[in-house]
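For reference, target.tsv (TSV, C-alpha atoms):
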chain	number	residue	atom	x	y	z
A	1196	MET	CA	26.69	158.23	32.38
A	1197	LYS	CA	24.17	159.03	29.65
A	1198	ASN	CA	24.89	158.29	26.02
A	1199	LYS	CA	22.29	160.75	24.78
A	1200	ILE	CA	21.04	164.15	25.97
A	1201	VAL	CA	17.80	165.64	24.66
A	1202	ILE	CA	17.56	169.44	24.64
A	1203	GLY	CA	14.13	171.10	24.62
A	1204	SER	CA	13.51	174.35	22.78
A	1205	ARG	CA	10.75	176.54	21.44
A	1206	GLY	CA	10.48	176.50	17.68
A	1207	SER	CA	11.16	180.17	16.99
A	1208	ILE	CA	14.21	181.04	14.92
A	1209	LEU	CA	15.84	182.74	17.89
A	1210	ALA	CA	15.08	179.92	20.33
A	1211	LEU	CA	16.49	177.35	17.91
A	1212	ALA	CA	19.60	179.44	17.27
A	1213	GLN	CA	20.21	179.70	21.01
A	1214	SER	CA	19.60	176.00	21.59
A	1215	GLU	CA	21.86	175.00	18.70
A	1216	MET	CA	24.57	177.30	20.06
A	1217	ILE	CA	24.38	175.64	23.48
A	1218	MET	CA	24.26	172.18	21.91
A	1219	GLY	CA	27.39	173.03	19.92
A	1220	ARG	CA	29.24	174.10	23.05
A	1221	LEU	CA	28.25	170.95	24.91
A	1222	LYS	CA	29.24	168.75	21.96
A	1223	GLY	CA	32.66	170.36	22.07
A	1224	LYS	CA	32.98	169.52	25.76
A	1225	PHE	CA	31.47	166.02	25.52
A	1226	PRO	CA	32.11	164.55	22.04
A	1227	GLU	CA	31.30	161.06	23.30
A	1228	ILE	CA	27.66	162.01	24.02
A	1229	GLU	CA	24.92	162.20	21.38
A	1230	PHE	CA	22.81	165.36	21.53
A	1231	GLU	CA	19.31	165.76	20.14
A	1232	LEU	CA	17.16	168.88	19.82
A	1233	LYS	CA	13.42	168.56	20.49
A	1234	VAL	CA	11.09	171.39	19.45
A	1235	ILE	CA	8.22	172.04	21.88
A	1236	VAL	CA	5.24	174.25	21.05
A	1237	THR	CA	4.23	176.57	23.92
A	1238	SER	CA	1.04	178.47	24.68
A	1239	GLY	CA	2.76	181.72	23.77
A	1240	ASP	CA	3.61	180.34	20.34
A	1241	THR	CA	0.05	179.23	19.55
A	1242	ASP	CA	-2.01	182.12	20.92
A	1243	LEU	CA	0.17	185.09	21.79
A	1244	VAL	CA	-2.54	187.71	21.24
A	1245	SER	CA	-5.04	186.17	23.68
A	1246	ASN	CA	-2.34	185.51	26.24
A	1247	TRP	CA	-1.14	189.11	25.97
A	1248	ASN	CA	-4.64	190.53	26.37
A	1249	ASN	CA	-5.60	188.25	29.24
A	1250	SER	CA	-2.37	188.52	31.20
A	1251	ASP	CA	-2.37	191.19	33.90
A	1252	LYS	CA	1.29	190.88	34.80
A	1253	SER	CA	3.57	188.81	32.59
A	1254	LEU	CA	3.74	186.58	29.57
A	1255	LYS	CA	6.71	184.66	30.91
A	1256	SER	CA	5.00	181.40	31.85
A	1257	PHE	CA	3.30	181.18	28.44
A	1258	PHE	CA	6.69	180.52	26.84
A	1259	THR	CA	7.96	178.04	29.40
A	1260	LYS	CA	5.29	175.87	31.01
A	1261	GLU	CA	5.03	173.17	28.30
A	1262	ILE	CA	8.81	172.89	28.15
A	1263	GLU	CA	9.06	172.68	31.92
A	1264	GLN	CA	6.42	169.94	31.97
A	1265	GLU	CA	8.48	167.86	29.54
A	1266	LEU	CA	11.49	168.32	31.80
A	1267	LEU	CA	9.49	167.13	34.78
A	1268	ASP	CA	8.14	164.20	32.74
A	1269	GLY	CA	11.67	163.21	31.72
A	1270	THR	CA	11.14	163.44	27.94
A	1271	ILE	CA	13.91	166.05	27.70
A	1272	ASP	CA	17.06	166.44	29.81
A	1273	LEU	CA	17.57	170.19	29.68
A	1274	ALA	CA	15.99	173.28	28.14
A	1275	VAL	CA	17.42	176.51	26.76
A	1276	HIS	CA	15.49	179.67	27.61
A	1277	SER	CA	16.08	183.39	27.30
A	1278	MET	CA	16.67	184.42	30.90
A	1279	LYS	CA	14.36	187.44	30.64
A	1280	ASP	CA	11.47	185.12	29.72
A	1281	MET	CA	11.87	183.08	32.90
A	1282	PRO	CA	9.73	183.56	36.01
A	1283	ILE	CA	11.81	184.48	39.07
A	1284	VAL	CA	10.86	181.22	40.84
A	1285	SER	CA	11.28	177.87	39.06
A	1286	PRO	CA	8.65	175.14	39.47
A	1287	PRO	CA	9.42	172.59	42.20
A	1288	GLY	CA	11.90	170.01	40.92
A	1289	LEU	CA	13.56	172.30	38.36
A	1290	VAL	CA	16.65	174.52	38.64
A	1291	CYS	CA	18.88	176.71	36.53
A	1292	GLY	CA	21.76	174.37	35.76
A	1293	ALA	CA	23.88	176.96	33.96
A	1294	THR	CA	24.07	180.63	33.06
A	1295	PRO	CA	26.40	180.73	30.03
A	1296	ASP	CA	28.31	183.69	28.63
A	1297	ARG	CA	26.06	186.67	27.99
A	1298	GLU	CA	25.50	188.43	24.67
A	1299	ASP	CA	25.33	192.25	24.36
A	1300	ASN	CA	22.36	193.29	26.53
A	1301	ARG	CA	21.62	196.63	24.85
A	1302	ASP	CA	18.56	197.51	22.80
A	1303	VAL	CA	19.09	198.53	19.20
A	1304	LEU	CA	17.34	200.65	16.61
A	1305	VAL	CA	16.76	199.26	13.13
A	1306	SER	CA	15.65	201.98	10.73
A	1307	ARG	CA	14.70	201.88	7.05
A	1308	SER	CA	16.61	205.07	6.30
A	1309	GLY	CA	19.73	204.27	8.29
A	1310	LYS	CA	19.08	207.25	10.56
A	1311	THR	CA	19.71	206.96	14.30
A	1312	LEU	CA	17.05	207.52	16.95
A	1313	LEU	CA	17.91	211.20	17.36
A	1314	GLU	CA	18.14	211.66	13.57
A	1315	LEU	CA	14.69	210.26	12.74
A	1316	PRO	CA	12.36	212.89	11.25
A	1317	HIS	CA	9.64	214.53	13.34
A	1318	GLY	CA	6.64	212.21	13.72
A	1319	ALA	CA	8.45	209.10	12.49
A	1320	VAL	CA	6.66	205.82	13.26
A	1321	VAL	CA	8.62	203.55	15.59
A	1322	GLY	CA	7.49	200.02	16.46
A	1323	THR	CA	7.66	198.30	19.83
A	1324	SER	CA	5.27	196.41	22.13
A	1325	SER	CA	7.39	197.02	25.24
A	1326	LEU	CA	6.22	199.56	27.81
A	1327	ARG	CA	9.83	199.95	28.93
A	1328	ARG	CA	10.93	200.86	25.41
A	1329	THR	CA	7.86	203.03	24.87
A	1330	MET	CA	8.70	205.10	27.95
A	1331	GLY	CA	12.32	205.40	26.84
A	1332	LEU	CA	11.20	206.62	23.44
A	1333	ARG	CA	8.82	209.17	24.97
A	1334	MET	CA	11.61	210.57	27.11
A	1335	ALA	CA	14.09	210.79	24.23
A	1336	ARG	CA	11.74	211.73	21.37
A	1337	PRO	CA	8.24	212.78	22.48
A	1338	ASP	CA	7.45	213.75	18.89
A	1339	LEU	CA	7.61	210.18	17.56
A	1340	GLU	CA	4.54	208.07	16.81
A	1341	ILE	CA	4.89	204.79	18.70
A	1342	LYS	CA	3.04	201.90	17.09
A	1343	GLN	CA	2.50	198.41	18.52
A	1344	LEU	CA	4.79	195.73	17.06
A	1345	ARG	CA	4.66	192.01	17.85
A	1346	GLY	CA	5.93	188.78	16.33
A	1347	ASN	CA	9.31	187.08	16.03
A	1348	ILE	CA	12.43	188.86	14.79
A	1349	HIS	CA	11.85	188.09	11.12
A	1350	THR	CA	8.18	189.12	11.29
A	1351	ARG	CA	9.13	192.45	12.85
A	1352	LEU	CA	11.84	193.09	10.28
A	1353	ARG	CA	9.43	192.22	7.45
A	1354	LYS	CA	6.88	194.73	8.74
A	1355	LEU	CA	9.63	197.35	8.84
A	1356	ASP	CA	10.76	196.54	5.30
A	1357	GLU	CA	7.14	196.73	4.07
A	1358	GLY	CA	6.99	200.33	5.24
A	1359	GLN	CA	4.64	199.86	8.20
A	1360	TYR	CA	7.27	201.52	10.40
A	1361	ASP	CA	10.14	203.95	9.92
A	1362	ALA	CA	12.15	202.17	12.61
A	1363	ILE	CA	11.76	199.43	15.20
A	1364	LEU	CA	13.40	198.58	18.52
A	1365	LEU	CA	14.82	195.12	19.20
A	1366	ALA	CA	17.28	193.42	21.54
A	1367	ALA	CA	20.82	193.32	20.18
A	1368	ALA	CA	21.31	189.78	21.46
A	1369	GLY	CA	18.51	188.33	19.34
A	1370	LEU	CA	19.73	189.88	16.10
A	1371	ILE	CA	23.32	188.84	16.78
A	1372	ARG	CA	22.38	185.24	17.62
A	1373	VAL	CA	20.32	184.74	14.47
A	1374	GLY	CA	23.04	186.24	12.28
A	1375	LEU	CA	21.32	189.54	11.53
A	1376	SER	CA	23.68	191.98	13.25
A	1377	ASP	CA	24.11	193.74	9.88
A	1378	ARG	CA	20.54	195.05	10.23
A	1379	ILE	CA	21.44	197.07	13.34
A	1380	THR	CA	21.41	200.82	12.71
A	1381	GLU	CA	22.35	201.91	16.23
A	1382	PHE	CA	23.19	200.37	19.58
A	1383	LEU	CA	21.26	202.41	22.15
A	1384	ASP	CA	23.23	203.74	25.10
A	1385	TYR	CA	21.97	202.80	28.57
A	1386	ASP	CA	21.18	206.46	29.28
A	1387	LEU	CA	18.89	206.45	26.25
A	1388	MET	CA	17.28	203.02	26.66
A	1389	MET	CA	17.78	200.84	29.74
A	1390	PRO	CA	17.66	197.10	28.89
A	1391	ALA	CA	15.25	194.61	30.39
A	1392	PRO	CA	16.66	192.78	33.43
A	1393	ALA	CA	18.72	189.74	32.33
A	1394	GLN	CA	18.49	190.72	28.65
A	1395	GLY	CA	21.08	188.87	26.58
A	1396	ALA	CA	21.50	186.09	29.16
A	1397	LEU	CA	20.42	182.45	28.85
A	1398	HIS	CA	18.87	180.14	31.45
A	1399	ILE	CA	19.71	176.46	30.99
A	1400	GLN	CA	17.08	174.56	32.96
A	1401	CYS	CA	17.27	170.98	34.21
A	1402	ARG	CA	15.86	168.69	36.87
A	1403	GLU	CA	17.05	169.37	40.38
A	1404	ASN	CA	17.83	165.71	41.04
A	1405	ASP	CA	19.70	165.05	37.77
A	1406	GLU	CA	23.28	165.21	39.00
A	1407	PHE	CA	24.73	164.00	35.70
A	1408	ILE	CA	23.15	166.80	33.67
A	1409	LYS	CA	24.03	169.36	36.34
A	1410	ASN	CA	27.69	168.31	36.11
A	1411	VAL	CA	27.58	168.49	32.31
A	1412	LEU	CA	26.16	172.01	32.45
A	1413	LEU	CA	28.89	173.21	34.81
A	1414	SER	CA	31.20	173.08	31.78
A	1415	ILE	CA	29.43	176.09	30.21
A	1416	HIS	CA	28.47	177.96	33.38
A	1417	ASN	CA	29.71	181.52	33.96
A	1418	SER	CA	29.43	182.28	37.68
A	1419	LYS	CA	30.16	186.01	37.23
A	1420	ILE	CA	27.33	186.40	34.74
A	1421	GLU	CA	25.06	184.44	37.09
A	1422	GLU	CA	25.95	186.85	39.91
A	1423	ILE	CA	25.04	189.94	37.87
A	1424	VAL	CA	21.88	188.44	36.38
A	1425	ASP	CA	20.64	187.35	39.81
A	1426	ILE	CA	20.93	190.95	41.02
A	1427	GLU	CA	19.15	192.29	37.93
A	1428	ARG	CA	16.33	189.79	38.39
A	1429	GLU	CA	16.05	190.73	42.06
A	1430	PHE	CA	15.57	194.37	41.00
A	1431	SER	CA	12.83	193.19	38.64
A	1432	LYS	CA	11.21	191.18	41.42
A	1433	ILE	CA	11.16	194.19	43.76
A	1434	PHE	CA	9.23	196.22	41.20
A	1435	ASP	CA	7.07	193.28	40.13
A	1436	GLY	CA	8.77	193.29	36.74
A	1437	GLY	CA	7.10	191.73	33.72
A	1438	CYS	CA	5.94	192.50	30.21
A	1439	HIS	CA	3.47	195.05	31.55
A	1440	THR	CA	5.88	196.83	33.91
A	1441	PRO	CA	7.95	199.73	32.51
A	1442	MET	CA	11.28	199.14	34.23
A	1443	GLY	CA	14.80	198.07	33.33
A	1444	CYS	CA	18.30	197.65	34.72
A	1445	THR	CA	21.82	196.59	33.89
A	1446	GLY	CA	24.70	195.41	36.07
A	1447	HIS	CA	28.46	195.55	35.52
A	1448	LEU	CA	31.21	193.83	37.53
A	1449	GLU	CA	34.62	195.46	37.85
A	1450	ASN	CA	37.32	195.09	40.51
A	1451	GLU	CA	35.03	193.10	42.81
A	1452	GLU	CA	32.41	195.85	42.71
A	1453	ILE	CA	29.07	195.77	40.92
A	1454	THR	CA	27.50	198.87	39.44
A	1455	LEU	CA	23.76	198.49	39.01
A	1456	ARG	CA	21.82	201.05	36.99
A	1457	GLY	CA	18.03	200.99	36.92
A	1458	VAL	CA	14.90	202.82	35.83
A	1459	TYR	CA	11.29	202.57	36.90
A	1460	CYS	CA	8.39	204.47	35.35
A	1461	GLN	CA	5.33	205.58	37.28
A	1462	ASN	CA	2.61	208.00	36.15
A	1463	ASP	CA	4.58	208.66	32.95
A	1464	ILE	CA	7.62	209.81	34.92
A	1465	MET	CA	10.90	207.92	34.57
A	1466	TYR	CA	12.90	207.55	37.77
A	1467	LYS	CA	16.50	206.39	37.42
A	1468	ASP	CA	19.54	205.94	39.61
A	1469	GLU	CA	22.61	203.76	40.05
A	1470	VAL	CA	24.64	202.24	42.85
A	1471	THR	CA	28.15	200.80	43.08
A	1472	ALA	CA	28.80	198.35	45.89
A	1473	ASP	CA	30.91	195.39	46.96
A	1474	ALA	CA	29.92	192.36	44.90
A	1475	LYS	CA	29.70	190.34	48.14
A	1476	LEU	CA	26.45	192.16	48.92
A	1477	GLY	CA	24.80	190.20	46.09
A	1478	LYS	CA	21.07	190.76	45.74
A	1479	GLU	CA	21.15	193.39	48.47
A	1480	ILE	CA	22.55	195.74	45.80
A	1481	ALA	CA	19.19	195.56	44.00
A	1482	HIS	CA	17.39	196.55	47.20
A	1483	ILE	CA	19.73	199.50	47.77
A	1484	LEU	CA	19.06	200.78	44.25
A	1485	ALA	CA	15.32	200.17	44.56
A	1486	GLU	CA	15.20	202.16	47.79
A	1487	ARG	CA	16.97	205.08	46.14
A	1488	ILE	CA	14.44	205.06	43.32
A	1489	ARG	CA	11.52	204.80	45.78
A	1490	GLU	CA	12.87	207.87	47.60
A	1491	LYS	CA	12.76	209.78	44.32
A	1492	ILE	CA	9.21	208.59	43.62
A	1493	ASN	CA	8.03	209.63	47.08
A	1494	GLY	CA	9.66	213.01	46.69

How does this structure look as structure tokens?
Amino acid sequence: MKNKIVIGSRGSILALAQSEMIMGRLKGKFPEIEFELKVIVTSGDTDLVSNWNNSDKSLKSFFTKEIEQELLDGTIDLAVHSMKDMPIVSPPGLVCGATPDREDNRDVLVSRSGKTLLELPHGAVVGTSSLRRTMGLRMARPDLEIKQLRGNIHTRLRKLDEGQYDAILLAAAGLIRVGLSDRITEFLDYDLMMPAPAQGALHIQCRENDEFIKNVLLSIHNSKIEEIVDIEREFSKIFDGGCHTPMGCTGHLENEEITLRGVYCQNDIMYKDEVTADAKLGKEIAHILAERIREKING
């Protein structure tokens, strides 16, 4: 029995909001335990531009490795991550101790004028740094000017408000969790903009041999969300998903069946499909969908 649990988090406004949310839930379950939040600076926080330019596949490890090292060193007991920032394979000695309830996984448009994506004027400037979102925009509105946009949520919104962009694309989950859902102009339908795999989900990481913390985390674990997210991440793994890979997917569980919808872009062509299968098939559902998309790619 531990009297105190230390939670590790990045220092961004979103990361802190997510960590404080999880800490609040755990406090409600275990009022007898003291909880402390420790802010950890990561490589991605200190030099995002260089890491972006020098990374050929993914930025994911740049936002996690220092936190994971503190977990391994024992200076923190658990860490709260955005699931979509996590590499598919955890470092030896670390596991996902809980996948809590998921926030809305859709992308959203935030526009200065209040106009929706299809209402924006010809040639409007839209900001995003995501290849997935860029391809979605090109399919929906080839007339738009797509301009690179980086930084945390507040930085991106400030650039929009300053007039550098007519509209920007963000994840709904981030805006909702930091209390800025009122800035959302439009929730984008999956047919218009497929989310990143595991978007809106959280990954609560802990040491593999820490049975006490693992038992504590079971109190906030959602096994159905874990099931869906695992399949989405498997789809990402098949297509070598990362920040530089234009692909996305979303899963939905109903009546013991999972419907998985996915897109993959190659040579500026977007290939999409969906599959509904028995949930017992698990990650195999991702492979079935991937094979269907590969068949389309190969003609």

Distance query A:Gly1374 at most 12 Å, all atoms listed in the file, self and fewer than 3 positions along chain excluded, as a list in words: Ile1208, Leu1209, Ala1212, Gln1213, Met1216, Ile1348, His1349, Ala1367, Ala1368, Gly1369, Leu1370, Ile1371, Asp1377, Arg1378 and Ile1379 of chain A

Would you list the contacts of A:Arg1345 as a tab-separated table (two decimals) with C-alpha atoms, in the frame of the given file, taking every protein, DNA or RNA residue within 10 Å and counting only C-alpha atoms, but skipping same-chain residues closer than 3 positions in sequence?
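File part_9.tsv, as written:
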chain	number	residue	atom	x	y	z
A	1243	LEU	CA	0.17	185.09	21.79
A	1244	VAL	CA	-2.54	187.71	21.24
A	1322	GLY	CA	7.49	200.02	16.46
A	1323	THR	CA	7.66	198.30	19.83
A	1324	SER	CA	5.27	196.41	22.13
A	1325	SER	CA	7.39	197.02	25.24
A	1348	ILE	CA	12.43	188.86	14.79
A	1350	THR	CA	8.18	189.12	11.29
A	1351	ARG	CA	9.13	192.45	12.85
A	1354	LYS	CA	6.88	194.73	8.74

Near-A:Glu1263 list (9 Å; all atoms listed in the file; drop same-chain fewer than 4 positions) as a PyMOL selection string: chain A and resi 1259+1267-1268+1274+1286+1289+1400-1401

Residue contacts of stretch 1317-1321 of chain A (8 Å, all atoms listed in the file) excluding same-chain residues fewer than 3 positions away, as a ChimeraX atom specification: /A:1338-1342,1360-1364

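Each of A:Met1388, A:Ala1472, A:Val1458, A:Ile1408 was checked against A:Arg1301 using only C-alpha atoms; the smallest atom-to-atom distance is that of A:Met1388.
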